[in-house]
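Asks: One structure, pasted below without further comment.
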Amino acid sequence: MAKEKTLEDLFHDTLKDIYYAERKILKALPKMARGAQSPDLKAAFEKHKSETEVQVERLQQVFELIGKRAQGKTCPAIDGIIEEGEEILEEYKGTAALDAGLLASAQAVEHYEITRYGTLKRWAENLGMNDAIKLLDATLQEESKTDEDLTVLADAAVNSKAMKSKAA
Ligand SMILES: [Fe+2]
Ligand SMILES: [Fe+2]
């Protein structure tokens with residue numbers, strides 16, 4: 001019979017998943033910032049890179065709280081989302097739709113993070129891990145704010161620019 005797995009095991013595995021994802025995102029954000037045409041979008045990616053550095057540290061603190069070594073576990077979901085972003089960078093290079101595409105890719109990343117942190121925070125609540133709840137919630141709020149800021153940017157400039165050049 002398979003060894004009994006607990007919510008603690010799930011929590012630990014999911015922590016490794018998002019730790020892998022955050023470090024992957026940390027490498028992708030500078031490429032996206034370099035690729036973005038709009039100065040506002042560039043700035044948004046750079047700002048989120050700094051936030052992501054702190055998010056990685058928060059995860060290391062959560063590993064410490066559960067007495068485990070900070071360690072990632074390959075996450076095919078984030079690999080796929082980032083790969084699609086790289087495709088946009090290549091295939092839309094030099095076009096008016098590039099920023100809209102990059103923005104959409106970035107939002108897919110944020111939504112993946114939001115689902116992971118939402119789950120981890122809920123499990124931390126179930127497990128009565130008060131310090132972990134605070135750390136996970138701080139990052140969850142940042143990811144949600146980033147997603148909202150990207151929506152504002154999309155509405156304000158990026159999408160209308162993509163449409164305008166089609167009409168021209
Ligand atoms: Fe993040
Ligand atoms: Fe994020």
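In the structure tokens, the first chain shown is A, the next is B, and so on; residue numbers restart at 1 for each chain, and ligands run from 1 in the order shown.
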Contacts between ligand 2 and chain A, please, where a residue of chain A counts if it comes within 9 Å (with only C-alpha atoms and all ligand atoms); show its shortest atom pair and distance in Å to one decimal, rows by chain and ascending number, as CSV.

Replies:
```
residue,atom,partner,partner_atom_place_in_ligand_line,distance
A:Glu22,CA,ligand 2,1 (Fe),7.7
A:Ile25,CA,ligand 2,1 (Fe),7.7
A:His48,CA,ligand 2,1 (Fe),6.7
A:Lys49,CA,ligand 2,1 (Fe),8.3
A:Glu51,CA,ligand 2,1 (Fe),8.0
A:Thr52,CA,ligand 2,1 (Fe),6.5
A:Gln55,CA,ligand 2,1 (Fe),8.7
A:Ala106,CA,ligand 2,1 (Fe),8.1
A:Gln107,CA,ligand 2,1 (Fe),8.5
A:Val109,CA,ligand 2,1 (Fe),6.5
A:Glu110,CA,ligand 2,1 (Fe),4.7
A:His111,CA,ligand 2,1 (Fe),8.2
A:Tyr112,CA,ligand 2,1 (Fe),8.6
A:Glu113,CA,ligand 2,1 (Fe),6.2
A:Ile114,CA,ligand 2,1 (Fe),8.0
A:Thr139,CA,ligand 2,1 (Fe),8.3
A:Leu140,CA,ligand 2,1 (Fe),8.7
A:Glu142,CA,ligand 2,1 (Fe),7.3
A:Glu143,CA,ligand 2,1 (Fe),4.7
A:Ser144,CA,ligand 2,1 (Fe),8.1
A:Thr146,CA,ligand 2,1 (Fe),6.7
A:Asp147,CA,ligand 2,1 (Fe),7.9
```

Asks: Using DSSP on the backbone coordinates, identify the residues of region 35-151 of chain A assigned to helix (DSSP H, G or I); present them as a ChimeraX atom specification.

Replies: /A:35,39-65,76-91,98-126,130-151

Asks: Leaving out Gln71 (chain A) and any residue of its chain fewer than 4 positions from it, which residues lie within 10 Å of it when counting only C-alpha atoms, given as an NGL selection string?

Replies: :A and (12-13 or 15-17 or 19-20 or 59-60 or 63)

Asks: Which one is closest to Glu53 (chain A): A:Ala162, A:Ile81, A:Met129, A:Leu26? Count only C-alpha atoms.

Replies: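 Distance minimum relative to Glu53 (chain A) lands on A:Leu26.
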
Asks: So, with only C-alpha atoms as the atoms that count, which of A:Lys121, A:Lys3, A:Lys24, A:Lys93 lies closest to Gly80 (chain A)?

Replies: A:Lys24

Asks: Neighbours of Trp123 (chain A) within 10 Å (only C-alpha atoms; same-chain residues fewer than 4 positions away dropped), as JSON, numbers by chain?

Replies: {"A": [7, 8, 10, 11, 117, 118, 119, 127, 128, 129, 132, 133]}

Asks: Go through A:Val62, A:Cys75, A:Leu41, A:Ile88 and flag the residue nearest Asp137 (chain A), using only C-alpha atoms for the distances.

Replies: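 Of A:Val62, A:Cys75, A:Leu41, A:Ile88, the one nearest Asp137 (chain A), counting only C-alpha atoms, is A:Val62.
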
Asks: Quick one: of A:Leu153, A:Leu135, A:Met163, A:Ala36, who's nearest to Val54 (chain A), counting only C-alpha atoms?

Replies: A:Leu135

Asks: For ligand 1, which of A:Ala156, A:Ala138, A:Leu65, A:Ala100 is the closest residue, counting only C-alpha atoms and all ligand atoms?

Replies: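 Smallest separation from ligand 1 among the options: A:Ala138.
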
Asks: For each of A:Asn159, A:Ile18, A:Glu84, A:Pro39, take the minimum atom-to-atom distance to Gly72 (chain A), counting only C-alpha atoms, then give the residue where this is smallest.

Replies: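 Among A:Asn159, A:Ile18, A:Glu84, A:Pro39, it is A:Ile18 that comes nearest to Gly72 (chain A).
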